[in-house]
file work02.cif (mmCIF, C-alpha atoms (C1' of nucleotides))
data_protein
#
loop_
_atom_site.label_atom_id
_atom_site.label_comp_id
_atom_site.auth_asym_id
_atom_site.auth_seq_id
_atom_site.Cartn_x
_atom_site.Cartn_y
_atom_site.Cartn_z
CA MET I 1 91.82 109.71 118.16
CA SER I 2 93.54 112.85 119.35
CA ALA I 3 94.45 115.83 117.25
CA ARG I 4 98.17 115.80 116.79
CA THR I 5 99.52 119.28 116.21
CA SER I 6 102.99 119.69 117.61
CA ARG I 7 105.45 120.59 114.95
CA GLY I 8 108.64 118.56 115.04
CA ARG I 9 109.57 114.99 115.70
CA ARG I 10 107.29 112.80 117.77
CA PRO I 11 108.41 111.28 121.05
CA GLY I 12 109.07 107.58 121.19
CA ALA I 13 110.20 105.57 118.19
CA PRO I 14 107.11 105.08 116.05
CA ASP I 15 107.69 103.44 112.69
CA THR I 16 105.76 106.08 110.84
CA ARG I 17 107.30 105.16 107.55
CA ALA I 18 105.79 101.70 107.74
CA GLU I 19 102.39 103.12 108.65
CA VAL I 20 102.47 105.41 105.66
CA LEU I 21 103.40 102.52 103.42
CA ALA I 22 100.58 100.38 104.79
CA ALA I 23 98.08 103.19 104.27
CA ALA I 24 99.34 103.63 100.73
CA ARG I 25 98.96 99.91 100.00
CA ALA I 26 95.42 99.90 101.30
CA SER I 27 94.44 102.92 99.27
CA PHE I 28 96.05 101.71 96.06
CA ALA I 29 94.31 98.37 96.49
CA GLU I 30 90.94 99.93 97.10
CA LYS I 31 90.97 102.92 94.78
CA GLY I 32 93.65 102.31 92.20
CA PHE I 33 96.40 104.71 91.30
CA ARG I 34 94.40 107.71 90.20
CA GLY I 35 91.89 107.28 92.97
CA THR I 36 94.63 107.48 95.57
CA THR I 37 95.70 110.94 96.72
CA ILE I 38 98.81 111.66 98.69
CA ARG I 39 96.74 113.73 101.05
CA ALA I 40 94.41 110.81 101.74
CA VAL I 41 97.35 108.51 102.37
CA GLY I 42 98.80 111.04 104.80
CA ALA I 43 95.48 111.44 106.55
CA ALA I 44 95.00 107.69 106.85
CA ALA I 45 98.42 107.41 108.44
CA GLY I 46 97.76 110.42 110.68
CA VAL I 47 100.57 112.34 109.10
CA ASP I 48 101.18 115.45 107.06
CA PRO I 49 101.16 114.85 103.30
CA ALA I 50 104.61 116.34 103.03
CA LEU I 51 105.95 113.50 105.11
CA VAL I 52 104.80 111.06 102.48
CA HIS I 53 106.90 112.94 99.99
CA HIS I 54 109.78 113.05 102.41
CA TYR I 55 109.97 109.27 102.77
CA PHE I 56 109.00 108.14 99.30
CA GLY I 57 109.65 110.62 96.55
CA SER I 58 106.93 111.17 93.98
CA LYS I 59 103.56 109.44 93.82
CA ASP I 60 105.01 107.04 91.26
CA ASP I 61 107.79 106.12 93.64
CA LEU I 62 105.26 105.53 96.39
CA PHE I 63 103.33 103.21 94.11
CA LEU I 64 106.46 101.22 93.32
CA ALA I 65 107.35 101.01 96.99
CA ALA I 66 103.84 99.75 97.77
CA LEU I 67 104.26 96.96 95.23
CA GLU I 68 107.58 95.76 96.55
CA MET I 69 108.03 92.03 96.83
CA PRO I 70 105.69 91.01 94.07
CA VAL I 71 105.33 87.36 93.25
CA ASP I 72 107.25 85.91 90.37
CA PRO I 73 104.57 83.78 88.74
CA ARG I 74 107.08 81.61 86.94
CA GLU I 75 108.69 80.69 90.22
CA VAL I 76 105.42 79.99 92.03
CA LEU I 77 104.00 77.98 89.18
CA ALA I 78 107.14 75.95 88.57
CA PRO I 79 106.03 73.01 90.75
CA VAL I 80 102.63 72.99 89.08
CA VAL I 81 104.27 72.70 85.70
CA ALA I 82 106.77 70.13 86.88
CA GLN I 83 104.07 67.56 87.68
CA GLY I 84 102.78 67.51 84.12
CA PRO I 85 99.37 68.13 82.64
CA ASP I 86 97.43 65.54 84.67
CA GLY I 87 95.40 67.33 87.30
CA ALA I 88 97.13 70.57 86.39
CA GLY I 89 93.82 72.46 86.50
CA GLU I 90 93.32 71.80 90.19
CA ARG I 91 96.96 72.37 91.10
CA LEU I 92 97.09 75.58 89.12
CA LEU I 93 94.02 76.96 90.80
CA ARG I 94 95.15 75.83 94.25
CA THR I 95 98.51 77.57 94.16
CA PHE I 96 96.87 80.54 92.55
CA LEU I 97 94.34 80.91 95.34
CA SER I 98 96.96 80.33 98.00
CA VAL I 99 98.82 83.37 96.77
CA TRP I 100 95.78 85.57 96.37
CA ASP I 101 94.23 84.56 99.68
CA ASP I 102 97.32 85.69 101.56
CA PRO I 103 96.26 89.11 102.87
CA ASP I 104 99.69 90.59 102.47
CA MET I 105 99.91 89.54 98.84
CA GLN I 106 96.33 90.47 98.22
CA VAL I 107 96.75 94.19 98.84
CA ARG I 108 99.73 94.34 96.52
CA LEU I 109 98.10 92.32 93.78
CA LEU I 110 94.85 94.22 94.08
CA ALA I 111 96.73 97.48 93.78
CA VAL I 112 98.28 96.46 90.50
CA VAL I 113 95.09 94.91 89.14
CA ARG I 114 92.93 97.90 90.03
CA SER I 115 95.38 100.31 88.54
CA VAL I 116 95.84 98.23 85.43
CA LEU I 117 92.10 97.92 84.89
CA THR I 118 91.59 101.57 85.61
CA ASP I 119 94.42 103.58 84.27
CA ASP I 120 94.79 102.04 80.86
CA GLY I 121 97.67 99.88 81.91
CA GLY I 122 95.66 97.48 79.77
CA THR I 123 98.46 97.59 77.28
CA LEU I 124 100.84 96.47 79.98
CA LEU I 125 98.71 93.40 80.55
CA LYS I 126 97.91 92.43 77.01
CA GLU I 127 101.31 93.08 75.52
CA GLY I 128 103.49 92.37 78.50
CA PHE I 129 102.29 90.32 81.39
CA ILE I 130 100.00 87.83 79.70
CA PRO I 131 102.08 86.91 76.64
CA VAL I 132 105.47 87.21 78.33
CA VAL I 133 104.84 85.73 81.76
CA VAL I 134 101.58 83.81 81.84
CA GLY I 135 101.78 82.55 78.29
CA PRO I 136 105.03 80.60 78.47
CA VAL I 137 104.04 78.99 81.76
CA LEU I 138 100.66 77.83 80.54
CA ALA I 139 102.15 76.78 77.22
CA GLN I 140 103.93 73.97 79.02
CA LEU I 141 100.66 72.57 80.32
CA VAL I 142 98.55 72.86 77.24
CA ALA I 143 97.68 69.97 74.96
CA ASP I 144 97.67 71.87 71.66
CA ARG I 145 96.41 75.08 70.03
CA PRO I 146 97.79 77.36 72.76
CA ASP I 147 96.27 80.39 71.05
CA VAL I 148 92.84 78.93 71.78
CA ARG I 149 93.38 77.30 75.17
CA ILE I 150 95.43 79.97 76.91
CA PRO I 151 92.88 82.75 76.44
CA LEU I 152 90.16 80.45 77.72
CA VAL I 153 92.09 79.54 80.85
CA THR I 154 93.05 83.15 81.41
CA SER I 155 89.48 84.34 81.03
CA GLN I 156 88.19 81.96 83.69
CA VAL I 157 90.99 82.87 86.08
CA VAL I 158 90.56 86.59 85.49
CA GLY I 159 86.84 86.26 86.11
CA LEU I 160 87.63 84.59 89.41
CA ILE I 161 89.97 87.41 90.41
CA VAL I 162 87.48 90.10 89.56
CA MET I 163 84.54 88.48 91.31
CA ARG I 164 86.38 87.22 94.37
CA TYR I 165 88.86 90.00 95.03
CA VAL I 166 88.15 93.15 93.02
CA ILE I 167 84.40 93.24 93.46
CA ALA I 168 84.40 90.87 96.42
CA PHE I 169 80.98 89.49 95.50
CA PRO I 170 80.09 87.77 98.77
CA PRO I 171 79.12 84.27 97.62
CA MET I 172 82.32 84.12 95.62
CA ALA I 173 84.54 85.85 98.15
CA GLN I 174 83.43 83.57 100.95
CA MET I 175 83.58 80.31 99.06
CA PRO I 176 86.30 78.14 100.62
CA ALA I 177 89.35 77.79 98.42
CA GLU I 178 89.10 74.01 98.24
CA ASP I 179 85.49 74.23 97.08
CA LEU I 180 86.58 76.54 94.33
CA VAL I 181 89.38 74.18 93.38
CA ALA I 182 86.95 71.30 93.18
CA ARG I 183 84.41 73.22 91.14
CA VAL I 184 86.52 75.32 88.80
CA GLY I 185 89.62 73.15 88.60
CA PRO I 186 87.98 70.63 86.24
CA VAL I 187 86.94 73.45 83.94
CA LEU I 188 90.51 74.70 83.77
CA GLN I 189 91.63 71.14 83.11
CA HIS I 190 89.11 70.96 80.30
CA TYR I 191 90.40 74.20 78.81
CA LEU I 192 93.98 72.92 79.11
CA THR I 193 93.66 69.40 77.75
CA GLY I 194 90.01 68.55 77.00
CA ASP I 195 88.24 68.25 73.67
CA LEU I 196 87.59 71.67 72.22
CA PRO I 197 85.75 72.51 69.01
CA MET B 1 91.56 120.68 61.60
CA SER B 2 91.52 124.45 61.82
CA ALA B 3 91.53 126.54 64.92
CA ARG B 4 87.99 127.66 65.54
CA THR B 5 87.92 130.92 67.42
CA SER B 6 84.91 132.99 66.52
CA ARG B 7 82.76 133.62 69.48
CA GLY B 8 79.08 133.09 68.91
CA ARG B 9 76.95 130.59 67.06
CA ARG B 10 78.40 128.63 64.18
CA PRO B 11 77.01 128.92 60.69
CA GLY B 12 75.16 125.97 59.23
CA ALA B 13 73.28 123.49 61.33
CA PRO B 14 75.89 121.20 62.88
CA ASP B 15 74.60 118.75 65.43
CA THR B 16 77.20 119.68 67.98
CA ARG B 17 75.24 118.18 70.80
CA ALA B 18 75.50 114.75 69.24
CA GLU B 19 79.23 115.18 68.67
CA VAL B 20 79.76 116.07 72.30
CA LEU B 21 77.78 113.05 73.38
CA ALA B 22 79.77 110.75 71.12
CA ALA B 23 83.04 112.14 72.45
CA ALA B 24 81.81 111.65 76.00
CA ARG B 25 80.85 108.04 75.29
CA ALA B 26 84.24 107.30 73.81
CA SER B 27 86.08 108.84 76.72
CA PHE B 28 83.96 107.17 79.38
CA ALA B 29 84.46 103.83 77.64
CA GLU B 30 88.21 104.26 77.39
CA LYS B 31 89.09 106.03 80.61
CA GLY B 32 86.20 105.47 82.99
CA PHE B 33 84.43 108.17 84.92
CA ARG B 34 87.28 109.70 86.87
CA GLY B 35 89.63 109.46 83.93
CA THR B 36 87.28 111.52 81.82
CA THR B 37 87.50 115.29 82.10
CA ILE B 38 84.93 117.70 80.76
CA ARG B 39 87.72 119.67 79.19
CA ALA B 40 88.94 116.62 77.31
CA VAL B 41 85.46 115.83 76.09
CA GLY B 42 85.08 119.38 74.89
CA ALA B 43 88.43 119.28 73.14
CA ALA B 44 87.62 115.98 71.45
CA ALA B 45 84.41 117.48 70.13
CA GLY B 46 86.17 120.69 69.09
CA VAL B 47 84.12 122.70 71.51
CA ASP B 48 84.49 124.83 74.60
CA PRO B 49 84.07 122.93 77.89
CA ALA B 50 81.33 125.30 78.93
CA LEU B 51 79.23 124.07 76.03
CA VAL B 52 79.31 120.60 77.50
CA HIS B 53 77.82 122.02 80.64
CA HIS B 54 75.31 123.97 78.64
CA TYR B 55 73.89 120.90 76.95
CA PHE B 56 74.19 118.32 79.67
CA GLY B 57 74.26 119.62 83.19
CA SER B 58 76.86 118.30 85.57
CA LYS B 59 79.43 115.63 84.84
CA ASP B 60 77.14 113.09 86.47
CA ASP B 61 74.33 114.09 84.14
CA LEU B 62 76.65 113.74 81.18
CA PHE B 63 77.54 110.25 82.29
CA LEU B 64 73.89 109.29 82.54
CA ALA B 65 73.20 110.76 79.12
CA ALA B 66 76.10 108.78 77.67
CA LEU B 67 74.60 105.59 79.03
CA GLU B 68 71.15 106.22 77.65
CA MET B 69 69.38 103.31 76.07
CA PRO B 70 71.11 100.69 78.08
CA VAL B 71 70.04 97.12 77.65
CA ASP B 72 67.53 95.69 80.02
CA PRO B 73 69.08 92.30 80.67
CA ARG B 74 65.82 90.80 81.81
CA GLU B 75 64.23 91.67 78.52
CA VAL B 76 67.10 90.45 76.37
CA LEU B 77 67.49 87.24 78.30
CA ALA B 78 63.79 86.47 78.41
CA PRO B 79 63.83 84.20 75.31
CA VAL B 80 66.87 82.40 76.66
CA VAL B 81 65.05 81.64 79.86
CA ALA B 82 61.84 80.74 78.06
CA GLN B 83 63.41 77.78 76.27
CA GLY B 84 64.34 76.06 79.51
CA PRO B 85 67.65 74.85 80.87
CA ASP B 86 68.58 72.53 77.99
CA GLY B 87 71.31 74.21 75.97
CA ALA B 88 70.87 77.36 77.99
CA GLY B 89 74.65 77.79 78.29
CA GLU B 90 75.11 78.23 74.57
CA ARG B 91 72.04 80.39 74.13
CA LEU B 92 72.98 82.56 77.08
CA LEU B 93 76.43 83.16 75.72
CA ARG B 94 75.20 83.76 72.18
CA THR B 95 72.75 86.49 73.08
CA PHE B 96 75.27 87.91 75.45
CA LEU B 97 77.93 88.21 72.78
CA SER B 98 75.46 89.59 70.25
CA VAL B 99 74.81 92.51 72.57
CA TRP B 100 78.43 93.13 73.46
CA ASP B 101 79.69 92.81 69.90
CA ASP B 102 77.38 95.56 68.74
CA PRO B 103 79.70 98.59 68.59
CA ASP B 104 77.05 101.00 69.72
CA MET B 105 76.23 98.95 72.78
CA GLN B 106 79.86 98.23 73.41
CA VAL B 107 80.86 101.82 74.14
CA ARG B 108 78.01 102.23 76.59
CA LEU B 109 78.62 98.94 78.33
CA LEU B 110 82.35 99.53 78.46
CA ALA B 111 81.77 102.92 80.01
CA VAL B 112 79.77 101.47 82.83
CA VAL B 113 82.09 98.51 83.34
CA ARG B 114 85.24 100.63 83.37
CA SER B 115 83.74 103.09 85.79
CA VAL B 116 82.39 100.37 88.01
CA LEU B 117 85.70 98.56 88.13
CA THR B 118 87.55 101.79 88.66
CA ASP B 119 85.60 104.11 90.81
CA ASP B 120 84.45 101.82 93.52
CA GLY B 121 81.07 101.40 91.98
CA GLY B 122 81.88 97.85 93.05
CA THR B 123 79.15 98.20 95.61
CA LEU B 124 76.73 99.00 92.85
CA LEU B 125 77.58 95.73 91.15
CA LYS B 126 77.72 93.44 94.11
CA GLU B 127 74.72 94.80 95.96
CA GLY B 128 72.63 95.99 93.04
CA PHE B 129 73.16 94.71 89.57
CA ILE B 130 74.23 91.15 90.20
CA PRO B 131 71.77 90.12 92.92
CA VAL B 132 68.86 92.19 91.67
CA VAL B 133 69.11 91.82 87.91
CA VAL B 134 71.41 88.96 86.97
CA GLY B 135 70.53 86.78 89.91
CA PRO B 136 66.80 86.37 89.31
CA VAL B 137 67.32 85.69 85.62
CA LEU B 138 69.95 83.03 86.15
CA ALA B 139 67.99 81.59 89.04
CA GLN B 140 65.39 80.40 86.53
CA LEU B 141 67.98 78.40 84.63
CA VAL B 142 69.84 76.86 87.48
CA ALA B 143 69.39 73.26 88.60
CA ASP B 144 69.88 73.84 92.32
CA ARG B 145 72.13 75.59 94.85
CA PRO B 146 71.93 78.98 93.13
CA ASP B 147 74.37 80.47 95.62
CA VAL B 148 77.01 78.16 94.22
CA ARG B 149 76.14 78.06 90.53
CA ILE B 150 75.37 81.72 89.90
CA PRO B 151 78.72 83.01 91.10
CA LEU B 152 80.46 80.41 88.95
CA VAL B 153 78.55 81.38 85.82
CA THR B 154 79.06 85.05 86.56
CA SER B 155 82.78 84.63 87.06
CA GLN B 156 83.25 82.96 83.68
CA VAL B 157 81.17 85.58 81.92
CA VAL B 158 82.92 88.44 83.67
CA GLY B 159 86.28 86.96 82.73
CA LEU B 160 85.15 86.92 79.14
CA ILE B 161 84.11 90.56 79.28
CA VAL B 162 87.36 91.68 80.80
CA MET B 163 89.57 89.74 78.40
CA ARG B 164 87.60 90.36 75.24
CA TYR B 165 86.38 93.93 75.71
CA VAL B 166 88.10 95.72 78.59
CA ILE B 167 91.64 94.53 77.96
CA ALA B 168 90.93 93.45 74.39
CA PHE B 169 93.51 90.68 74.57
CA PRO B 170 93.91 89.93 70.86
CA PRO B 171 93.41 86.15 70.73
CA MET B 172 90.28 86.58 72.77
CA ALA B 173 89.04 89.73 71.11
CA GLN B 174 89.39 88.26 67.64
CA MET B 175 87.91 84.87 68.36
CA PRO B 176 84.67 84.52 66.36
CA ALA B 177 81.59 84.66 68.52
CA GLU B 178 80.38 81.24 67.41
CA ASP B 179 83.72 79.67 68.35
CA LEU B 180 83.39 81.18 71.77
CA VAL B 181 79.87 79.88 72.08
CA ALA B 182 81.01 76.40 71.15
CA ARG B 183 83.95 76.45 73.52
CA VAL B 184 82.64 78.27 76.58
CA GLY B 185 78.94 77.48 76.24
CA PRO B 186 79.35 73.91 77.52
CA VAL B 187 81.22 75.20 80.56
CA LEU B 188 78.37 77.57 81.38
CA GLN B 189 75.95 74.69 80.89
CA HIS B 190 78.04 72.67 83.31
CA TYR B 191 77.95 75.47 85.86
CA LEU B 192 74.19 75.79 85.40
CA THR B 193 73.08 72.19 85.50
CA GLY B 194 76.07 69.84 85.69
CA ASP B 195 77.35 67.80 88.61
CA LEU B 196 79.15 70.04 91.05
CA PRO B 197 80.92 69.03 94.25
"C1'" DG W 1 125.03 120.02 127.90
"C1'" DA W 2 126.17 121.18 122.85
"C1'" DC W 3 125.52 119.82 118.27
"C1'" DG W 4 124.46 117.52 113.99
"C1'" DT W 5 120.81 114.44 112.20
"C1'" DT W 6 116.33 112.72 111.58
"C1'" DT W 7 111.47 113.27 111.83
"C1'" DT W 8 107.63 116.08 111.40
"C1'" DT W 9 104.66 120.06 110.33
"C1'" DC W 10 103.58 124.53 108.07
"C1'" DA W 11 103.02 127.72 104.45
"C1'" DC W 12 103.08 128.00 99.72
"C1'" DC W 13 103.09 127.31 94.42
"C1'" DA W 14 101.61 125.73 89.97
"C1'" DT W 15 98.34 123.10 87.74
"C1'" DG W 16 94.05 120.89 86.55
"C1'" DT W 17 89.31 120.25 87.75
"C1'" DG W 18 84.01 121.12 87.72
"C1'" DT W 19 81.14 124.87 87.31
"C1'" DT W 20 79.08 129.57 86.55
"C1'" DG W 21 77.74 134.00 84.39
"C1'" DA W 22 78.25 137.25 81.11
"C1'" DA W 23 79.18 138.38 76.39
"C1'" DT W 24 78.96 137.45 71.32
"C1'" DT W 25 77.18 135.62 67.07
"C1'" DG W 26 74.07 133.22 64.22
"C1'" DT W 27 69.05 131.45 63.11
"C1'" DG W 28 64.20 131.85 62.48
"C1'" DC W 29 59.94 134.30 62.84
"C1'" DG W 30 56.85 138.37 62.72
"C1'" DC N 1 64.08 144.81 59.06
"C1'" DG N 2 63.80 143.83 64.12
"C1'" DC N 3 63.70 140.81 67.78
"C1'" DA N 4 63.50 136.73 70.69
"C1'" DC N 5 66.07 132.75 71.16
"C1'" DA N 6 69.59 129.27 70.68
"C1'" DA N 7 74.46 128.22 70.17
"C1'" DT N 8 78.95 129.23 71.41
"C1'" DT N 9 83.02 131.17 73.66
"C1'" DC N 10 85.55 133.85 77.31
"C1'" DA N 11 86.94 134.84 81.85
"C1'" DA N 12 86.85 133.64 86.21
"C1'" DC N 13 85.95 131.17 90.83
"C1'" DA N 14 86.59 127.72 94.22
"C1'" DC N 15 88.64 123.74 95.14
"C1'" DA N 16 91.79 119.61 95.09
"C1'" DT N 17 96.01 117.82 93.69
"C1'" DG N 18 101.24 116.81 93.43
"C1'" DG N 19 105.17 118.93 94.95
"C1'" DT N 20 108.83 122.17 97.46
"C1'" DG N 21 111.49 124.55 100.99
"C1'" DA N 22 111.99 126.10 105.35
"C1'" DA N 23 111.21 125.81 110.26
"C1'" DA N 24 110.39 123.23 114.73
"C1'" DA N 25 110.92 119.33 117.79
"C1'" DA N 26 112.94 115.10 119.36
"C1'" DC N 27 116.91 111.90 119.07
"C1'" DG N 28 121.85 110.18 119.20
"C1'" DT N 29 126.56 111.16 120.03
"C1'" DC N 30 130.46 113.37 121.93
#
call {"tool": "encode", "arguments": {"input": "work02.cif", "output": "structure tokens"}}
result
Amino acid sequence: MSARTSRGRRPGAPDTRAEVLAAARASFAEKGFRGTTIRAVGAAAGVDPALVHHYFGSKDDLFLAALEMPVDPREVLAPVVAQGPDGAGERLLRTFLSVWDDPDMQVRLLAVVRSVLTDDGGTLLKEGFIPVVVGPVLAQLVADRPDVRIPLVTSQVVGLIVMRYVIAFPPMAQMPAEDLVARVGPVLQHYLTGDLP
Amino acid sequence: MSARTSRGRRPGAPDTRAEVLAAARASFAEKGFRGTTIRAVGAAAGVDPALVHHYFGSKDDLFLAALEMPVDPREVLAPVVAQGPDGAGERLLRTFLSVWDDPDMQVRLLAVVRSVLTDDGGTLLKEGFIPVVVGPVLAQLVADRPDVRIPLVTSQVVGLIVMRYVIAFPPMAQMPAEDLVARVGPVLQHYLTGDLP
DNA sequence: GACGTTTTTCACCATGTGTTGAATTGTGCG
DNA sequence: CGCACAATTCAACACATGGTGAAAAACGTC
């Protein structure tokens, strides 16, 4: 591209704010919170770092802005729960993948996952998100012993996320969603309602 | 403890080098590579940061030293492979957990996992470790279609690692290893040799 | 066309980082 | 003892980072 060096406002009506936000989302998704620098975000958007601060305040504020419009899992999973435990494994996985495979959602979710895995937001996950949000939803689908079945379901789903989206291991990342549903869904069903020692 | 401020060598024969290394391992395991600072390692060992550089060279060298004596998965998994595919799921998981549940191994493995998840060593995993090391081993246990079965096995195992060791989600972290073997082993067996669509 | 407002860059500051080189103190050996 | 060597700290450099305040350029409105 060209070197842009004039000082004040640019001609035309470019939505620079949106470009900065997009660059921030991409960087947070790829490098996590600590790995993202305001300077890099500015550079990616072709903009002075100070402009990033001008639009969004601190780096924390930028992170929050990048995460805007997160999914409410309880809302998304409501229909899955409503149809009862039969075939819940497949339905659960299908709606799950439909959210994660949406590119717009994916950058946001990846940003939070990467940062949580990286920056010791682990506490946030294990004391907040999983028991408060995921737990109650899954509890409605589980046959018994939720303290055994929920961790098992969660572990398989988390493994899927990491392999398919965080690492993007090609065979897993390119597997069609319906194939995954057919192959992993029964396992989730087994964890939810099958015979467990 | 007390503020240590004298300049030169300490009296006695303290194995400061080992203390520094232990502190480095702990920090790498908890915070990953980027999250670990040489100054923090020095402080944790009660030592000037320059001493860290004196013993181990650069930060990269320190990281390598902290990872010393890693497990060679091919070696550890050799007996599992040798006994053939029958019951391989359980055996695989059992040896796997025996390595990870060893505290000494755990810090080293956690260090590499955290850094890989964090610092875009993702490439290392998806283009090096998994296809070169894990792949060939699992390939010997798999019934057919390795490009389908290996990612599935890997995803369940990775999910276990993340939940049990990285996040340390309590119900998963405290589940006895043999319970896990009994509950997840059959799923791995299914991924290895069962009927898959 | 004049003027206030918004957008954008520039020039800094304070802080934290990895790293280096010299200086100081103890240990062990002749 | 004297002397080489190892262990340890201090002071500093060069750089990157998050953040701030002022100045310049375009826009919108009267």
call {"tool": "resolve_selection", "arguments": {"input": "work02.cif", "expression": "the PyMOL selection byres ((chain W and resi 24) around 10)", "output": "list in words"}}
result
Ser6, Arg7, Gly8 and Arg9 of chain B; DA22, DA23, DT25 and DG26 of chain W; DT8, DT9 and DC10 of chain N
call {"tool": "atom_distance", "arguments": {"input": "work02.cif", "atom1": "atom CA of I:Phe28", "atom2": "atom CA of B:Ser115"}}
result
16.1 Å
call {"tool": "residues_around", "arguments": {"input": "work02.cif", "residues": "B:Val47", "least_positions_apart": "5", "cutoff": "8 Å", "atoms": "only C-alpha atoms (C1' of nucleotides)", "output": "PDB file with C-alpha atoms, in the coordinates of the input"}}
result
ATOM      1  CA  VAL B  20      79.760 116.070  72.300  1.00  0.00           C
ATOM      2  CA  GLY B  42      85.080 119.380  74.890  1.00  0.00           C
ATOM      3  CA  VAL B  52      79.310 120.600  77.500  1.00  0.00           C
TER       4      VAL B  52
END
call {"tool": "atom_distance", "arguments": {"input": "work02.cif", "atom1": "atom CA of I:Thr37", "atom2": "atom C1' of N:DG19"}}
result
12.5 Å
call {"tool": "atom_distance", "arguments": {"input": "work02.cif", "atom1": "atom CA of B:Ala177", "atom2": "atom CA of B:Tyr165"}}
result
12.7 Å
call {"tool": "resolve_selection", "arguments": {"input": "work02.cif", "expression": "the PyMOL selection byres ((chain B and resi 158) around 9)", "output": "number ranges by chain"}}
result
I: 155-156, 158-160, 162-163; B: 153-157, 159-163
call {"tool": "write_last_selection", "arguments": {"input": "work02.cif", "atoms": "C-alpha atoms", "output": "mmCIF file, in the coordinates of the input"}}
result
data_model
loop_
_atom_site.group_PDB
_atom_site.id
_atom_site.type_symbol
_atom_site.label_atom_id
_atom_site.label_comp_id
_atom_site.auth_asym_id
_atom_site.auth_seq_id
_atom_site.Cartn_x
_atom_site.Cartn_y
_atom_site.Cartn_z
ATOM 1 C CA SER I 155 89.480 84.340 81.030
ATOM 2 C CA GLN I 156 88.190 81.960 83.690
ATOM 3 C CA VAL I 158 90.560 86.590 85.490
ATOM 4 C CA GLY I 159 86.840 86.260 86.110
ATOM 5 C CA LEU I 160 87.630 84.590 89.410
ATOM 6 C CA VAL I 162 87.480 90.100 89.560
ATOM 7 C CA MET I 163 84.540 88.480 91.310
ATOM 8 C CA VAL B 153 78.550 81.380 85.820
ATOM 9 C CA THR B 154 79.060 85.050 86.560
ATOM 10 C CA SER B 155 82.780 84.630 87.060
ATOM 11 C CA GLN B 156 83.250 82.960 83.680
ATOM 12 C CA VAL B 157 81.170 85.580 81.920
ATOM 13 C CA GLY B 159 86.280 86.960 82.730
ATOM 14 C CA LEU B 160 85.150 86.920 79.140
ATOM 15 C CA ILE B 161 84.110 90.560 79.280
ATOM 16 C CA VAL B 162 87.360 91.680 80.800
ATOM 17 C CA MET B 163 89.570 89.740 78.400
#
call {"tool": "residues_around", "arguments": {"input": "work02.cif", "residues": "stretch 33-36 of chain B", "least_positions_apart": "5", "cutoff": "12 Å", "atoms": "all atoms listed in the file", "output": "PyMOL selection string"}}
result
(chain I and resi 31-36+115+117-120) or (chain B and resi 23-28+41-44+59-64+66-67+110-121) or (chain W and resi 17-18)
call {"tool": "resolve_selection", "arguments": {"input": "work02.cif", "expression": "the PyMOL selection byres ((chain N and resi 15) around 12)", "output": "list in words"}}
result
DG16, DT17, DG18 and DT19 of chain W; DC13, DA14, DA16 and DT17 of chain N
call {"tool": "closest_residue", "arguments": {"input": "work02.cif", "among": "W:DT7, W:DG1, W:DC13, W:DG21", "to": "N:DA11", "atoms": "all atoms listed in the file"}}
result
W:DG21
call {"tool": "interface_residues", "arguments": {"input": "work02.cif", "of": "chain W", "to": "chain I", "cutoff": "12 Å", "atoms": "only C-alpha atoms (C1' of nucleotides)", "output": "ChimeraX atom specification"}}
result
/W:5-11
call {"tool": "closest_residue", "arguments": {"input": "work02.cif", "among": "B:Thr193, B:Ser98, B:Pro170, B:Val184", "to": "B:Arg145", "atoms": "all atoms listed in the file"}}
result
B:Thr193
call {"tool": "interface_residues", "arguments": {"input": "work02.cif", "of": "chain N", "to": "chain I", "cutoff": "6 Å", "atoms": "only C-alpha atoms (C1' of nucleotides)", "output": "JSON, numbers by chain"}}
result
{"N": [24, 25, 26]}
